[in-house]
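J.: Before anything else, here's the structure in question.
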Amino acid sequence: MNTDLEKRIYAAIANPQNVGEMENADSVGTVGSADCGDMLRMWVKFKEDAQGRKVIDRATFQTFGCETAIAVASVATELIAGKTVEEALSMSGADLSAPLGALPPMKIHCAQLVEGALRSALAPQSAAAPAAPATPQATTLFDQLHSGTASEKKVKVVLRPPAS
Ligand code: FES
């Protein structure tokens, strides 16, 4: 990655915005990345704006994801505030990560993870990535991983050795 992009990502993750589960969310979406196995969940709260349109009041996120995914989710949740569902759904991963600058090819899927979670929250049937529905008993990613059936709990985490 280029140095400017790294600086913007590190600045974003040093003070990430809108992190954490939202108690009174109107919608929630969760996706996992087929590219890296990371997960991201986004909560959305709506409000009515001065023109009577239903717009996004605020959005929050949690993720088992890389620094880029955290940085993109941070800036994306800021970007979508005040947008209608249609406006937010029209935004690509590149749009959502634009404040950070262009991502290198190997990091594009990190922005797509954020895009997928947003789509899952706003229009579950159109989510780009497979969505894991939230349950009332499992509202955090940690809870969800620990509340599945016996077969779902058979998750083995394999740490890859660092590339030499
Ligand atoms: Fe998995 Fe970035 S490497 S989201």
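Following the order of the structure tokens, chains are lettered A, B, ..., residues in each are numbered from 1, and ligands are numbered from 1.
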List the neighbours of stretch 69-74 of chain A out to 6 Å using only C-alpha atoms; skip same-chain residues closer than 6 positions along the sequence, and give me the result as a list in words.
T.: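 Within the cut-off, the hits are Ile9, Ala12, Ile13, Pro16, Gln17, Ser97, Cys110 and Val114 of chain A.
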J.: Could you please take those selected residues and save N, CA and C atoms as a PDB file, in the first residue's frame?
T.:
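Output contents, as saved in again_5.pdb:
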```pdb
ATOM      1  N   ILE A   9      -5.586   5.229   6.620  1.00  0.00           N
ATOM      2  CA  ILE A   9      -6.170   4.059   7.287  1.00  0.00           C
ATOM      3  C   ILE A   9      -5.811   4.057   8.770  1.00  0.00           C
ATOM      4  N   ALA A  12      -7.786   6.586  10.610  1.00  0.00           N
ATOM      5  CA  ALA A  12      -9.181   6.166  10.803  1.00  0.00           C
ATOM      6  C   ALA A  12      -9.298   5.136  11.925  1.00  0.00           C
ATOM      7  N   ILE A  13      -8.371   4.188  11.983  1.00  0.00           N
ATOM      8  CA  ILE A  13      -8.496   3.150  13.011  1.00  0.00           C
ATOM      9  C   ILE A  13      -7.990   3.632  14.370  1.00  0.00           C
ATOM     10  N   PRO A  16     -11.685   5.284  15.413  1.00  0.00           N
ATOM     11  CA  PRO A  16     -12.799   4.794  14.584  1.00  0.00           C
ATOM     12  C   PRO A  16     -14.139   5.360  15.044  1.00  0.00           C
ATOM     13  N   GLN A  17     -14.965   5.693  14.075  1.00  0.00           N
ATOM     14  CA  GLN A  17     -16.273   6.277  14.355  1.00  0.00           C
ATOM     15  C   GLN A  17     -17.353   5.184  14.307  1.00  0.00           C
ATOM     16  N   SER A  97     -15.426   3.824   0.507  1.00  0.00           N
ATOM     17  CA  SER A  97     -14.045   3.967   0.990  1.00  0.00           C
ATOM     18  C   SER A  97     -13.361   5.199   0.416  1.00  0.00           C
ATOM     19  N   CYS A 110     -12.145  -5.761   1.137  1.00  0.00           N
ATOM     20  CA  CYS A 110     -12.393  -5.237   2.478  1.00  0.00           C
ATOM     21  C   CYS A 110     -13.508  -4.181   2.417  1.00  0.00           C
ATOM     22  N   VAL A 114     -17.823  -4.157   3.726  1.00  0.00           N
ATOM     23  CA  VAL A 114     -18.632  -3.072   4.293  1.00  0.00           C
ATOM     24  C   VAL A 114     -19.868  -2.846   3.421  1.00  0.00           C
TER      25      VAL A 114
END
```
J.: Can you pull out every residue with an atom within 7 Å of ligand 1? Use only C-alpha atoms and all ligand atoms and format it as number ranges by chain.
T.: A: 33, 35-38, 65-69, 107, 109-110, 113
J.: When you look at A:Arg53 with a cut-off of 12 Å (counting only C-alpha atoms), what residues show up, excluding the ones that are within fewer than 3 positions of it in the same chain? I need them as a PDB file with N, CA, C and O atoms, in the first residue's frame.
T.:
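Just written: result_5.pdb:
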```pdb
ATOM      1  N   PHE A  46     -33.073   4.708  11.322  1.00  0.00           N
ATOM      2  CA  PHE A  46     -33.636   5.669  10.367  1.00  0.00           C
ATOM      3  C   PHE A  46     -34.307   6.819  11.106  1.00  0.00           C
ATOM      4  O   PHE A  46     -34.658   6.715  12.279  1.00  0.00           O
ATOM      5  N   LYS A  47     -34.517   7.876  10.360  1.00  0.00           N
ATOM      6  CA  LYS A  47     -35.302   9.017  10.868  1.00  0.00           C
ATOM      7  C   LYS A  47     -35.990   9.667   9.673  1.00  0.00           C
ATOM      8  O   LYS A  47     -35.680   9.334   8.509  1.00  0.00           O
ATOM      9  N   GLU A  48     -36.876  10.586   9.946  1.00  0.00           N
ATOM     10  CA  GLU A  48     -37.519  11.340   8.876  1.00  0.00           C
ATOM     11  C   GLU A  48     -36.832  12.694   8.788  1.00  0.00           C
ATOM     12  O   GLU A  48     -36.637  13.363   9.816  1.00  0.00           O
ATOM     13  N   ASP A  49     -36.444  13.090   7.564  1.00  0.00           N
ATOM     14  CA  ASP A  49     -35.763  14.378   7.443  1.00  0.00           C
ATOM     15  C   ASP A  49     -36.779  15.507   7.257  1.00  0.00           C
ATOM     16  O   ASP A  49     -37.996  15.285   7.274  1.00  0.00           O
ATOM     17  N   ALA A  50     -36.282  16.715   7.065  1.00  0.00           N
ATOM     18  CA  ALA A  50     -37.149  17.890   6.980  1.00  0.00           C
ATOM     19  C   ALA A  50     -38.107  17.817   5.794  1.00  0.00           C
ATOM     20  O   ALA A  50     -39.163  18.446   5.805  1.00  0.00           O
ATOM     21  N   ILE A  56     -31.179   7.660   6.681  1.00  0.00           N
ATOM     22  CA  ILE A  56     -30.355   7.009   7.702  1.00  0.00           C
ATOM     23  C   ILE A  56     -29.957   8.043   8.750  1.00  0.00           C
ATOM     24  O   ILE A  56     -29.334   9.062   8.415  1.00  0.00           O
ATOM     25  N   ASP A  57     -30.359   7.801   9.970  1.00  0.00           N
ATOM     26  CA  ASP A  57     -29.988   8.693  11.065  1.00  0.00           C
ATOM     27  C   ASP A  57     -28.545   8.435  11.449  1.00  0.00           C
ATOM     28  O   ASP A  57     -27.719   9.333  11.486  1.00  0.00           O
ATOM     29  N   GLY A  82     -27.794  10.527   6.760  1.00  0.00           N
ATOM     30  CA  GLY A  82     -28.577  11.519   6.026  1.00  0.00           C
ATOM     31  C   GLY A  82     -29.012  11.061   4.646  1.00  0.00           C
ATOM     32  O   GLY A  82     -29.767  11.755   3.976  1.00  0.00           O
ATOM     33  N   LYS A  83     -28.544   9.891   4.210  1.00  0.00           N
ATOM     34  CA  LYS A  83     -28.923   9.387   2.883  1.00  0.00           C
ATOM     35  C   LYS A  83     -30.174   8.519   2.973  1.00  0.00           C
ATOM     36  O   LYS A  83     -30.421   7.867   3.986  1.00  0.00           O
ATOM     37  N   THR A  84     -30.942   8.497   1.878  1.00  0.00           N
ATOM     38  CA  THR A  84     -32.079   7.591   1.801  1.00  0.00           C
ATOM     39  C   THR A  84     -31.536   6.184   1.560  1.00  0.00           C
ATOM     40  O   THR A  84     -30.355   5.996   1.206  1.00  0.00           O
ATOM     41  N   VAL A  85     -32.397   5.192   1.728  1.00  0.00           N
ATOM     42  CA  VAL A  85     -31.984   3.817   1.465  1.00  0.00           C
ATOM     43  C   VAL A  85     -31.494   3.687   0.023  1.00  0.00           C
ATOM     44  O   VAL A  85     -30.441   3.079  -0.237  1.00  0.00           O
ATOM     45  N   GLU A  86     -32.232   4.280  -0.910  1.00  0.00           N
ATOM     46  CA  GLU A  86     -31.850   4.182  -2.323  1.00  0.00           C
ATOM     47  C   GLU A  86     -30.491   4.826  -2.567  1.00  0.00           C
ATOM     48  O   GLU A  86     -29.675   4.284  -3.311  1.00  0.00           O
ATOM     49  N   GLU A  87     -30.267   5.983  -1.967  1.00  0.00           N
ATOM     50  CA  GLU A  87     -28.969   6.658  -2.139  1.00  0.00           C
ATOM     51  C   GLU A  87     -27.843   5.815  -1.572  1.00  0.00           C
ATOM     52  O   GLU A  87     -26.780   5.671  -2.187  1.00  0.00           O
TER      53      GLU A  87
END
```
J.: With only C-alpha atoms as the basis for distance, which of A:Asn15, A:Ser92, A:Thr63, A:Asn2 is at the shortest distance from A:Ala76?
T.: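 With only C-alpha atoms as the atom set, the closest residue is A:Ser92.
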J.: Could you tell me, as an MDAnalysis selection string, which residues of stretch 34-136 of chain A DSSP assigns to alpha helix (DSSP H) when given the backbone?
T.: chainID A and resid 67:79 85:89 93:96 108:122
J.: Skipping near chain neighbours, those fewer than 2 positions away, what residues fall within 8 Å of A:Leu122 using only C-alpha atoms, listed as a ChimeraX atom specification?
T.: /A:27-29,44,85,89,118-120,124
J.: Put those residues in a file: N, CA, C and O atoms, as a JSON list (two decimals), in the first residue's frame.
T.:
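Just written: result-v2.json:
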```
[["chain", "number", "residue", "atom", "x", "y", "z"],
["A", 27, "SER", "N", -32.54, -1.84, 11.72],
["A", 27, "SER", "CA", -32.13, -2.90, 10.81],
["A", 27, "SER", "C", -30.69, -3.31, 11.10],
["A", 27, "SER", "O", -29.91, -2.50, 11.60],
["A", 28, "VAL", "N", -30.39, -4.56, 10.80],
["A", 28, "VAL", "CA", -29.02, -5.04, 11.02],
["A", 28, "VAL", "C", -28.66, -5.99, 9.88],
["A", 28, "VAL", "O", -29.51, -6.73, 9.37],
["A", 29, "GLY", "N", -27.43, -5.91, 9.45],
["A", 29, "GLY", "CA", -26.95, -6.80, 8.39],
["A", 29, "GLY", "C", -25.58, -7.34, 8.72],
["A", 29, "GLY", "O", -24.74, -6.62, 9.28],
["A", 44, "VAL", "N", -28.37, -0.07, 11.57],
["A", 44, "VAL", "CA", -28.83, 1.18, 10.97],
["A", 44, "VAL", "C", -30.08, 1.67, 11.70],
["A", 44, "VAL", "O", -30.99, 0.88, 12.02],
["A", 85, "VAL", "N", -32.40, 5.19, 1.73],
["A", 85, "VAL", "CA", -31.98, 3.82, 1.46],
["A", 85, "VAL", "C", -31.49, 3.69, 0.02],
["A", 85, "VAL", "O", -30.44, 3.08, -0.24],
["A", 89, "LEU", "N", -27.83, 2.56, -1.09],
["A", 89, "LEU", "CA", -27.67, 1.33, -1.86],
["A", 89, "LEU", "C", -26.96, 1.58, -3.19],
["A", 89, "LEU", "O", -26.41, 0.65, -3.79],
["A", 118, "LEU", "N", -23.81, -3.30, 4.58],
["A", 118, "LEU", "CA", -24.77, -2.21, 4.39],
["A", 118, "LEU", "C", -25.96, -2.69, 3.57],
["A", 118, "LEU", "O", -27.12, -2.44, 3.92],
["A", 119, "ARG", "N", -25.69, -3.38, 2.49],
["A", 119, "ARG", "CA", -26.77, -3.91, 1.65],
["A", 119, "ARG", "C", -27.63, -4.91, 2.43],
["A", 119, "ARG", "O", -28.85, -4.93, 2.30],
["A", 120, "SER", "N", -26.99, -5.71, 3.22],
["A", 120, "SER", "CA", -27.72, -6.69, 4.02],
["A", 120, "SER", "C", -28.65, -6.00, 5.02],
["A", 120, "SER", "O", -29.77, -6.44, 5.25],
["A", 124, "PRO", "N", -31.98, -6.77, 2.64],
["A", 124, "PRO", "CA", -31.39, -8.10, 2.83],
["A", 124, "PRO", "C", -31.44, -8.99, 1.59],
["A", 124, "PRO", "O", -30.53, -9.75, 1.34]]
```
J.: Which residue is closest to A:Ala123? Choose from A:Val19, A:Leu40, A:Leu103, A:Ala88 and count only C-alpha atoms.
T.: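 Once distances to A:Ala123 are computed over only C-alpha atoms, the minimum belongs to A:Ala88.
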J.: Could you check how far atom CA of A:Thr3 sits from atom CA of A:Phe61, in Å to one decimal?
T.: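 A separation of 26.1 Å between them.
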J.: What is the distance, in Å and to one decimal place, between atom CA of A:Thr77 and atom CA of A:Ser90?
T.: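 So the two atoms, atom CA of A:Thr77 and atom CA of A:Ser90, lie 14.6 Å apart.
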